[in-house]
Amino acid sequence: MNKPLLEMKNINSFYGPVQVHFDLSMTVPENSIVCLLGGNASGKSTTMKTILGLQVPKSGTVSMEGRDITGLPTPEIVRSGIATVPEARRLFGDMTVRENLMMGAYTRTDKPAIAEDFERMLELFPRLKERVSQKAGTMSGGEQQMVAMARALMARPKLICMDEPTMGLSPLFVDRVLELIATVRSTGVSVFMVEQNASIALSIADYGYVLQTGRIMLEGPASDLLADPRIRSAYLGEDIAA
Amino acid sequence: MEFISNLVSMPWLDYSISGLVIGSIYALMAIGLALIFGVANLINFAHGAVFTVGSYIGWTCLVALHLPLGVSIVLVALGTGIVGALIEWLAIRPLNRQSRIAPLLSTIGVGLILDQVIHIVFSPTPRALSANIPNWRIQVGNGTIGPIDITIALTAILSAGLLYLFLYKTKLGMAVRATAQDDDAAKQMGVNINRVNMTVFGIAGALGGIAGLLVGLYFNSIDPNASFQMMLKGMVAIVIGGMANVPGAIGGGLILGLIESYGIGLFGASYRNLFAFAVLLIMLLFRPNGLFARKGERHAEPMTGTFVSQSKPVRIPKQLILALVVVALLLPMANQPYITQIMTNAYLYGLAALALTLVSGTVGLVSIGHAALLALGAYASALATTKGLPVGLGLIFGGLFAGIVGTVLAYPAFRLRGHYVAIGTLALGEIVALVILNWTPVTNGALGVFAIPPLELFGVPLYGTNQSYWFVLGLLLVFCGLQVRLLNSHLGRTWRAIREDTVAAETYGISSNYYKGLAFGFAGFTAGIAGAVTAHQWSFINYDSFNLQFSVLILTMVLLGGMGNVSGAVLGAIVIAALPEFFRAVAEYRMLFYGAALIILIRFRPQGLLGSG
């Protein structure tokens, strides 16, 4: 396995008196795709928030390249090399595609390199080229997903966190998004994705974790998980007895 | 018909020019409010006070220091910009984890403090402001334009231009726009939201301050009591323009300026403010997204979830309440007429607070126009009894009148939520005051009602210090008892259900308008009687007896006690109304005390002393 990039160790988090995470530990190695599977209320979104510093755990640590980033303000965490594709994309709908991408580079100050990366994104996502001046809110779901990924890449991150990247997309676009995720990894960036759709996520991931009511119930290489009967029954709708 | 002849003979061009000039000042106010609403989801009620601070910094620069106009404008912008940023830092940022009404109330507190400071430093009387601008006028069609008009228009355009450059050509400006659209997503891009908010409050402050100076130039005088009216004008403009929409705010300001100007031409100047409120109500009812929004573009009610912070109410043992009631009943025996009088006054506030805590706390409609209910009751009883109705019946008439008319007036606001209720009720409160002021044949207009008969009940005189004390205490106890019973009944649960989630309550078949109406009716009755008793005690009332400050004061009492909490309302009223009287030094700077109390309370004990019920 590659060197660990993001590590979460023994995270316990709470919403008021309600415990959401129980001793959660996870690792995202360099140059890999890791997925976190789980149903509703399993604690997936809280995991995302914890990584981004939007939710501070009661105990446990989040570290990036060995540096403790637990409880840092979100801008600091973004600077440490983590970018996001939020749930439902959350583009700035009234701003143009160009402005959305520039927001992705918000923490950077190296202007020439930003301009270079912007051109690179247009090559990576040719569809965006003809639409740089279009308002992001007026684009189709698939195009918006591209903007969201390009926006994340503009931060020159080492890791992109994606919250349900395929949610609400047509099956055709789901395939396209999976291709995009593969493209992202090919540029040397790791991907951590949270998904409900196990078969889609495991088809592309290297490694997977299964979260259930705040605890990691199962983990392993994606191919093993895909073959695991418990996964097949719980997430892929197959009758285990059959 | 005077109106028709005015319509024909009115110099339209002149009125258009002055409408646009005033409108561009409203636009400056509105831009700041819209920017703040965009990034912080908050209506900044301190914005009017920042305007006033700006006019006084302007006066200091122009009149006291004889600085040139250009330098003065820059200094005003810097000064009020810093004030704005400080407001964000001290009064807003610490509240970011609290209920959504908290920052709004906090800005009301800041506004009270700034206004009082201006009163203390510069005295509460208006001052002349002249900038030695030459006095020629150019003929344009059948109207004229003077150098002041041009100065104002140019300053406004230049400010708006600089703002445009900032928002669209700088990185921080881009972050401001991104934050306004989705603050969570902006945060995830690495935007420091606190810095964005502070910048926006600073810019809004600068623009508001410039507006203050320009209004001073236009009218050749500045008024330390203008804050509230100007804040309202800005607010009406952003409601027209669509809340967080900056170009919309500019359009809204100009439209409001024109409407006012034409309205004054057609109906006369005493109606000036009525137009603004009429426009506000019409917009809230029919186009809550603003004139410029495409259908369904923005949510009419961005507030979701509970608006008021929740907590467990403190249980007070029955024996303690009983003991306190006995002490209260025996108080006049101590033979301290001054204290007895103060407490009578406090109990009257208690009655008013009781009514507000029902509407705002239990049902969740945070009202900033509560004084109107008291005004309705007071006027109804005062006018009826000066024409011969016995006082006892007058009180009941006042209560019924306030209950019925108040509910009818508030009915349109029932479909609003969150901040919009606050704006709507505020407008209603002002409309009631303005109707009282302008409907002279019935209300005696600005002169007010004199020689209101003293308190008596069917021949039994109640105007002695002790008698009126016992009477008011009795009223308070009766209404407290009634309200507690209501809250513990099925009705009380229904009200709380509507507060927690109106939509969910409706899906259970609760007609929320009907229950909101019941709450307003009962609260109006209580408040109307409080107003009527006050009128008979004072023997004189006018349109300003129950003003916005009064409304804010009652709201502070309710907050202090705990929203929806009956004993809290009484405690809050006693603390706020009676305590300052015992410390003369505090009484002098009353508004400072109230403002500080409001801010500190919201910061450190948002659920109130006794918890919200």
# chains A, B, ... in the order shown; residues from 1 in each chain; ligands from 1
>>> interface_residues(of="chain B", to="chain A", cutoff="10 Å", atoms="only C-alpha atoms", output="ChimeraX atom specification")
/B:168,171-172,174-175,177-193
>>> write_last_selection(atoms="N, CA, C and O atoms", output="PDB file, in the first residue's frame")
ATOM      1  N   TYR B 168     -16.572  42.657  -8.372  1.00  0.00           N
ATOM      2  CA  TYR B 168     -16.358  41.881  -9.593  1.00  0.00           C
ATOM      3  C   TYR B 168     -14.908  41.828 -10.054  1.00  0.00           C
ATOM      4  O   TYR B 168     -14.566  41.052 -10.917  1.00  0.00           O
ATOM      5  N   LYS B 171     -10.395  39.600  -5.619  1.00  0.00           N
ATOM      6  CA  LYS B 171     -10.573  38.243  -5.115  1.00  0.00           C
ATOM      7  C   LYS B 171     -11.512  38.235  -3.904  1.00  0.00           C
ATOM      8  O   LYS B 171     -12.406  37.391  -3.797  1.00  0.00           O
ATOM      9  N   LEU B 172     -11.307  39.210  -3.009  1.00  0.00           N
ATOM     10  CA  LEU B 172     -12.151  39.262  -1.825  1.00  0.00           C
ATOM     11  C   LEU B 172     -13.604  39.532  -2.222  1.00  0.00           C
ATOM     12  O   LEU B 172     -14.538  38.978  -1.641  1.00  0.00           O
ATOM     13  N   MET B 174     -14.993  38.598  -4.960  1.00  0.00           N
ATOM     14  CA  MET B 174     -15.538  37.344  -5.473  1.00  0.00           C
ATOM     15  C   MET B 174     -15.949  36.443  -4.301  1.00  0.00           C
ATOM     16  O   MET B 174     -17.005  35.803  -4.338  1.00  0.00           O
ATOM     17  N   ALA B 175     -15.113  36.438  -3.269  1.00  0.00           N
ATOM     18  CA  ALA B 175     -15.439  35.633  -2.091  1.00  0.00           C
ATOM     19  C   ALA B 175     -16.724  36.139  -1.436  1.00  0.00           C
ATOM     20  O   ALA B 175     -17.530  35.356  -0.947  1.00  0.00           O
ATOM     21  N   ARG B 177     -19.265  37.508  -2.970  1.00  0.00           N
ATOM     22  CA  ARG B 177     -20.400  37.038  -3.759  1.00  0.00           C
ATOM     23  C   ARG B 177     -20.622  35.544  -3.545  1.00  0.00           C
ATOM     24  O   ARG B 177     -21.748  35.080  -3.429  1.00  0.00           O
ATOM     25  N   ALA B 178     -19.515  34.797  -3.496  1.00  0.00           N
ATOM     26  CA  ALA B 178     -19.652  33.352  -3.289  1.00  0.00           C
ATOM     27  C   ALA B 178     -20.286  33.063  -1.930  1.00  0.00           C
ATOM     28  O   ALA B 178     -21.165  32.217  -1.815  1.00  0.00           O
ATOM     29  N   THR B 179     -19.857  33.788  -0.914  1.00  0.00           N
ATOM     30  CA  THR B 179     -20.406  33.570   0.425  1.00  0.00           C
ATOM     31  C   THR B 179     -21.895  33.883   0.451  1.00  0.00           C
ATOM     32  O   THR B 179     -22.682  33.199   1.105  1.00  0.00           O
ATOM     33  N   ALA B 180     -22.279  34.941  -0.266  1.00  0.00           N
ATOM     34  CA  ALA B 180     -23.691  35.305  -0.289  1.00  0.00           C
ATOM     35  C   ALA B 180     -24.524  34.189  -0.912  1.00  0.00           C
ATOM     36  O   ALA B 180     -25.660  33.958  -0.524  1.00  0.00           O
ATOM     37  N   GLN B 181     -23.932  33.463  -1.876  1.00  0.00           N
ATOM     38  CA  GLN B 181     -24.710  32.411  -2.529  1.00  0.00           C
ATOM     39  C   GLN B 181     -24.733  31.137  -1.711  1.00  0.00           C
ATOM     40  O   GLN B 181     -25.744  30.448  -1.661  1.00  0.00           O
ATOM     41  N   ASP B 182     -23.620  30.800  -1.105  1.00  0.00           N
ATOM     42  CA  ASP B 182     -23.555  29.542  -0.363  1.00  0.00           C
ATOM     43  C   ASP B 182     -22.369  29.613   0.584  1.00  0.00           C
ATOM     44  O   ASP B 182     -21.233  29.353   0.191  1.00  0.00           O
ATOM     45  N   ASP B 183     -22.633  29.984   1.818  1.00  0.00           N
ATOM     46  CA  ASP B 183     -21.498  30.230   2.711  1.00  0.00           C
ATOM     47  C   ASP B 183     -20.753  28.942   3.061  1.00  0.00           C
ATOM     48  O   ASP B 183     -19.540  28.949   3.211  1.00  0.00           O
ATOM     49  N   ASP B 184     -21.487  27.824   3.154  1.00  0.00           N
ATOM     50  CA  ASP B 184     -20.809  26.559   3.451  1.00  0.00           C
ATOM     51  C   ASP B 184     -19.841  26.180   2.340  1.00  0.00           C
ATOM     52  O   ASP B 184     -18.698  25.791   2.593  1.00  0.00           O
ATOM     53  N   ALA B 185     -20.324  26.295   1.095  1.00  0.00           N
ATOM     54  CA  ALA B 185     -19.460  25.951  -0.029  1.00  0.00           C
ATOM     55  C   ALA B 185     -18.268  26.896  -0.082  1.00  0.00           C
ATOM     56  O   ALA B 185     -17.141  26.477  -0.341  1.00  0.00           O
ATOM     57  N   ALA B 186     -18.506  28.180   0.191  1.00  0.00           N
ATOM     58  CA  ALA B 186     -17.396  29.140   0.170  1.00  0.00           C
ATOM     59  C   ALA B 186     -16.352  28.753   1.207  1.00  0.00           C
ATOM     60  O   ALA B 186     -15.148  28.799   0.954  1.00  0.00           O
ATOM     61  N   LYS B 187     -16.822  28.339   2.381  1.00  0.00           N
ATOM     62  CA  LYS B 187     -15.915  27.919   3.432  1.00  0.00           C
ATOM     63  C   LYS B 187     -15.060  26.750   2.939  1.00  0.00           C
ATOM     64  O   LYS B 187     -13.865  26.679   3.190  1.00  0.00           O
ATOM     65  N   GLN B 188     -15.699  25.832   2.220  1.00  0.00           N
ATOM     66  CA  GLN B 188     -14.970  24.660   1.735  1.00  0.00           C
ATOM     67  C   GLN B 188     -13.977  24.993   0.636  1.00  0.00           C
ATOM     68  O   GLN B 188     -13.125  24.178   0.301  1.00  0.00           O
ATOM     69  N   MET B 189     -14.114  26.184   0.048  1.00  0.00           N
ATOM     70  CA  MET B 189     -13.109  26.644  -0.914  1.00  0.00           C
ATOM     71  C   MET B 189     -11.958  27.321  -0.190  1.00  0.00           C
ATOM     72  O   MET B 189     -11.011  27.782  -0.813  1.00  0.00           O
ATOM     73  N   GLY B 190     -12.060  27.428   1.125  1.00  0.00           N
ATOM     74  CA  GLY B 190     -11.009  28.068   1.892  1.00  0.00           C
ATOM     75  C   GLY B 190     -11.257  29.526   2.195  1.00  0.00           C
ATOM     76  O   GLY B 190     -10.351  30.246   2.604  1.00  0.00           O
ATOM     77  N   VAL B 191     -12.492  29.993   1.988  1.00  0.00           N
ATOM     78  CA  VAL B 191     -12.796  31.396   2.282  1.00  0.00           C
ATOM     79  C   VAL B 191     -12.936  31.576   3.795  1.00  0.00           C
ATOM     80  O   VAL B 191     -13.596  30.785   4.458  1.00  0.00           O
ATOM     81  N   ASN B 192     -12.296  32.603   4.301  1.00  0.00           N
ATOM     82  CA  ASN B 192     -12.429  32.940   5.705  1.00  0.00           C
ATOM     83  C   ASN B 192     -13.706  33.777   5.869  1.00  0.00           C
ATOM     84  O   ASN B 192     -13.725  34.972   5.599  1.00  0.00           O
ATOM     85  N   ILE B 193     -14.781  33.106   6.316  1.00  0.00           N
ATOM     86  CA  ILE B 193     -16.101  33.748   6.340  1.00  0.00           C
ATOM     87  C   ILE B 193     -16.115  34.963   7.272  1.00  0.00           C
ATOM     88  O   ILE B 193     -16.744  35.972   6.983  1.00  0.00           O
TER      89      ILE B 193
END
>>> select_by_dssp(residues="segment 57-207 of chain A", states="helix (DSSP H, G or I)", output="VMD selection string")
chain A and resid 74 to 79 97 to 104 111 to 124 126 to 129 136 to 138 141 to 153 171 to 186 198 to 204
>>> residues_around(residues="Leu226 of chain A", least_positions_apart="6", cutoff="10 Å", atoms="only C-alpha atoms", output="VMD selection string")
chain A and resid 198 to 199 201 to 203 208 220 232 235 to 236
>>> closest_residue(among="B:Phe275, B:Ala85, B:Tyr379, B:Leu462", to="Gly263 of chain B", atoms="only C-alpha atoms")
B:Phe275
>>> residues_around(residues="Pro332 of chain B", least_positions_apart="6", cutoff="10 Å", atoms="only C-alpha atoms", output="ChimeraX atom specification")
/B:338-341,343,465-467,469-470
>>> write_last_selection(atoms="N, CA and C atoms", output="JSON list (two decimals), in the first residue's frame")
[["chain", "number", "residue", "atom", "x", "y", "z"],
["B", 338, "TYR", "N", -43.43, 56.31, 46.04],
["B", 338, "TYR", "CA", -42.58, 56.31, 44.85],
["B", 338, "TYR", "C", -42.38, 54.89, 44.33],
["B", 339, "ILE", "N", -42.05, 54.00, 45.25],
["B", 339, "ILE", "CA", -41.84, 52.60, 44.86],
["B", 339, "ILE", "C", -43.14, 51.99, 44.36],
["B", 340, "THR", "N", -44.24, 52.29, 45.04],
["B", 340, "THR", "CA", -45.53, 51.75, 44.61],
["B", 340, "THR", "C", -45.83, 52.17, 43.18],
["B", 341, "GLN", "N", -45.55, 53.43, 42.87],
["B", 341, "GLN", "CA", -45.80, 53.94, 41.52],
["B", 341, "GLN", "C", -44.93, 53.23, 40.48],
["B", 343, "MET", "N", -43.68, 50.33, 40.67],
["B", 343, "MET", "CA", -44.11, 48.95, 40.48],
["B", 343, "MET", "C", -45.41, 48.87, 39.68],
["B", 465, "THR", "N", -52.61, 56.30, 44.42],
["B", 465, "THR", "CA", -51.43, 55.49, 44.14],
["B", 465, "THR", "C", -51.66, 54.01, 44.50],
["B", 466, "ASN", "N", -52.19, 53.80, 45.70],
["B", 466, "ASN", "CA", -52.36, 52.42, 46.15],
["B", 466, "ASN", "C", -53.48, 51.70, 45.41],
["B", 467, "GLN", "N", -54.60, 52.40, 45.17],
["B", 467, "GLN", "CA", -55.71, 51.76, 44.48],
["B", 467, "GLN", "C", -55.29, 51.33, 43.08],
["B", 469, "TYR", "N", -52.38, 50.76, 42.07],
["B", 469, "TYR", "CA", -51.41, 49.67, 42.19],
["B", 469, "TYR", "C", -52.12, 48.33, 42.30],
["B", 470, "TRP", "N", -53.10, 48.26, 43.21],
["B", 470, "TRP", "CA", -53.79, 46.99, 43.41],
["B", 470, "TRP", "C", -54.60, 46.58, 42.17]]
>>> residues_around(residues="segment 41-43 of chain A", least_positions_apart="6", cutoff="7 Å", atoms="only C-alpha atoms", output="list in words")
Val20, His21, Leu211, Gln212, Thr213 and Gly214 of chain A
>>> select_by_dssp(residues="segment 125-163 of chain A", states="strand (DSSP E)", output="VMD selection string")
chain A and resid 159 to 163
>>> residues_around(residues="Pro221 of chain A", least_positions_apart="2", cutoff="7 Å", atoms="only C-alpha atoms", output="PyMOL selection string")
chain A and resi 206-208+223-225
>>> write_last_selection(atoms="all heavy atoms", output="PDB file, in the first residue's frame")
ATOM      1  N   ASP A 206     -10.196   1.594  -4.824  1.00  0.00           N
ATOM      2  CA  ASP A 206      -9.186   0.594  -4.493  1.00  0.00           C
ATOM      3  C   ASP A 206      -9.529  -0.089  -3.181  1.00  0.00           C
ATOM      4  O   ASP A 206      -9.248  -1.251  -2.977  1.00  0.00           O
ATOM      5  CB  ASP A 206      -7.817   1.264  -4.328  1.00  0.00           C
ATOM      6  CG  ASP A 206      -7.450   2.035  -5.570  1.00  0.00           C
ATOM      7  OD1 ASP A 206      -7.578   1.469  -6.672  1.00  0.00           O
ATOM      8  OD2 ASP A 206      -7.043   3.205  -5.437  1.00  0.00           O
ATOM      9  N   TYR A 207     -10.095   0.693  -2.289  1.00  0.00           N
ATOM     10  CA  TYR A 207     -10.297   0.209  -0.931  1.00  0.00           C
ATOM     11  C   TYR A 207     -11.621   0.780  -0.427  1.00  0.00           C
ATOM     12  O   TYR A 207     -12.034   1.866  -0.844  1.00  0.00           O
ATOM     13  CB  TYR A 207      -9.141   0.697  -0.046  1.00  0.00           C
ATOM     14  CG  TYR A 207      -8.956  -0.088   1.230  1.00  0.00           C
ATOM     15  CD1 TYR A 207      -8.219  -1.263   1.235  1.00  0.00           C
ATOM     16  CD2 TYR A 207      -9.516   0.355   2.426  1.00  0.00           C
ATOM     17  CE1 TYR A 207      -8.047  -1.986   2.406  1.00  0.00           C
ATOM     18  CE2 TYR A 207      -9.344  -0.357   3.597  1.00  0.00           C
ATOM     19  CZ  TYR A 207      -8.603  -1.539   3.587  1.00  0.00           C
ATOM     20  OH  TYR A 207      -8.428  -2.249   4.747  1.00  0.00           O
ATOM     21  N   GLY A 208     -12.303   0.044   0.422  1.00  0.00           N
ATOM     22  CA  GLY A 208     -13.585   0.537   0.901  1.00  0.00           C
ATOM     23  C   GLY A 208     -13.782   0.324   2.391  1.00  0.00           C
ATOM     24  O   GLY A 208     -13.204  -0.595   2.985  1.00  0.00           O
ATOM     25  N   SER A 223     -12.316  -5.075  -4.346  1.00  0.00           N
ATOM     26  CA  SER A 223     -12.729  -6.315  -5.007  1.00  0.00           C
ATOM     27  C   SER A 223     -13.235  -7.333  -3.974  1.00  0.00           C
ATOM     28  O   SER A 223     -14.219  -8.030  -4.213  1.00  0.00           O
ATOM     29  CB  SER A 223     -11.560  -6.885  -5.801  1.00  0.00           C
ATOM     30  OG  SER A 223     -10.411  -6.911  -4.986  1.00  0.00           O
ATOM     31  N   ASP A 224     -12.578  -7.355  -2.799  1.00  0.00           N
ATOM     32  CA  ASP A 224     -13.035  -8.278  -1.755  1.00  0.00           C
ATOM     33  C   ASP A 224     -14.435  -7.891  -1.282  1.00  0.00           C
ATOM     34  O   ASP A 224     -15.297  -8.745  -1.090  1.00  0.00           O
ATOM     35  CB  ASP A 224     -12.096  -8.232  -0.542  1.00  0.00           C
ATOM     36  CG  ASP A 224     -10.739  -8.812  -0.871  1.00  0.00           C
ATOM     37  OD1 ASP A 224     -10.542  -9.154  -2.055  1.00  0.00           O
ATOM     38  OD2 ASP A 224      -9.892  -8.892   0.039  1.00  0.00           O
ATOM     39  N   LEU A 225     -14.623  -6.583  -1.060  1.00  0.00           N
ATOM     40  CA  LEU A 225     -15.917  -6.120  -0.559  1.00  0.00           C
ATOM     41  C   LEU A 225     -17.020  -6.438  -1.563  1.00  0.00           C
ATOM     42  O   LEU A 225     -18.111  -6.855  -1.202  1.00  0.00           O
ATOM     43  CB  LEU A 225     -15.892  -4.618  -0.287  1.00  0.00           C
ATOM     44  CG  LEU A 225     -15.073  -4.157   0.920  1.00  0.00           C
ATOM     45  CD1 LEU A 225     -15.192  -2.657   1.074  1.00  0.00           C
ATOM     46  CD2 LEU A 225     -15.517  -4.857   2.191  1.00  0.00           C
TER      47      LEU A 225
END
>>> residues_around(residues="Gly143 of chain B", least_positions_apart="2", cutoff="9 Å", atoms="only C-alpha atoms", output="VMD selection string")
chain B and resid 11 to 17 138 to 141 145
>>> closest_residue(among="B:Leu351, B:Leu112, B:Leu609, B:Val391", to="Tyr463 of chain B", atoms="only C-alpha atoms")
B:Val391
>>> atom_distance(atom1="atom CA of Val325 of chain B", atom2="atom CA of Gly364 of chain B")
28.9 Å
>>> closest_residue(among="B:Gly109, B:Pro134, B:Gly205, B:Gly212", to="Ile36 of chain B", atoms="only C-alpha atoms")
B:Gly205
>>> closest_residue(among="A:Leu101, A:Asp23, A:Pro157, A:Gly188", to="Gly81 of chain A", atoms="only C-alpha atoms")
A:Pro157
>>> atom_distance(atom1="atom CA of Gly241 of chain B", atom2="atom CA of Leu280 of chain B")
11.1 Å
>>> atom_distance(atom1="atom CA of Pro454 of chain B", atom2="atom CA of His536 of chain B")
5.0 Å
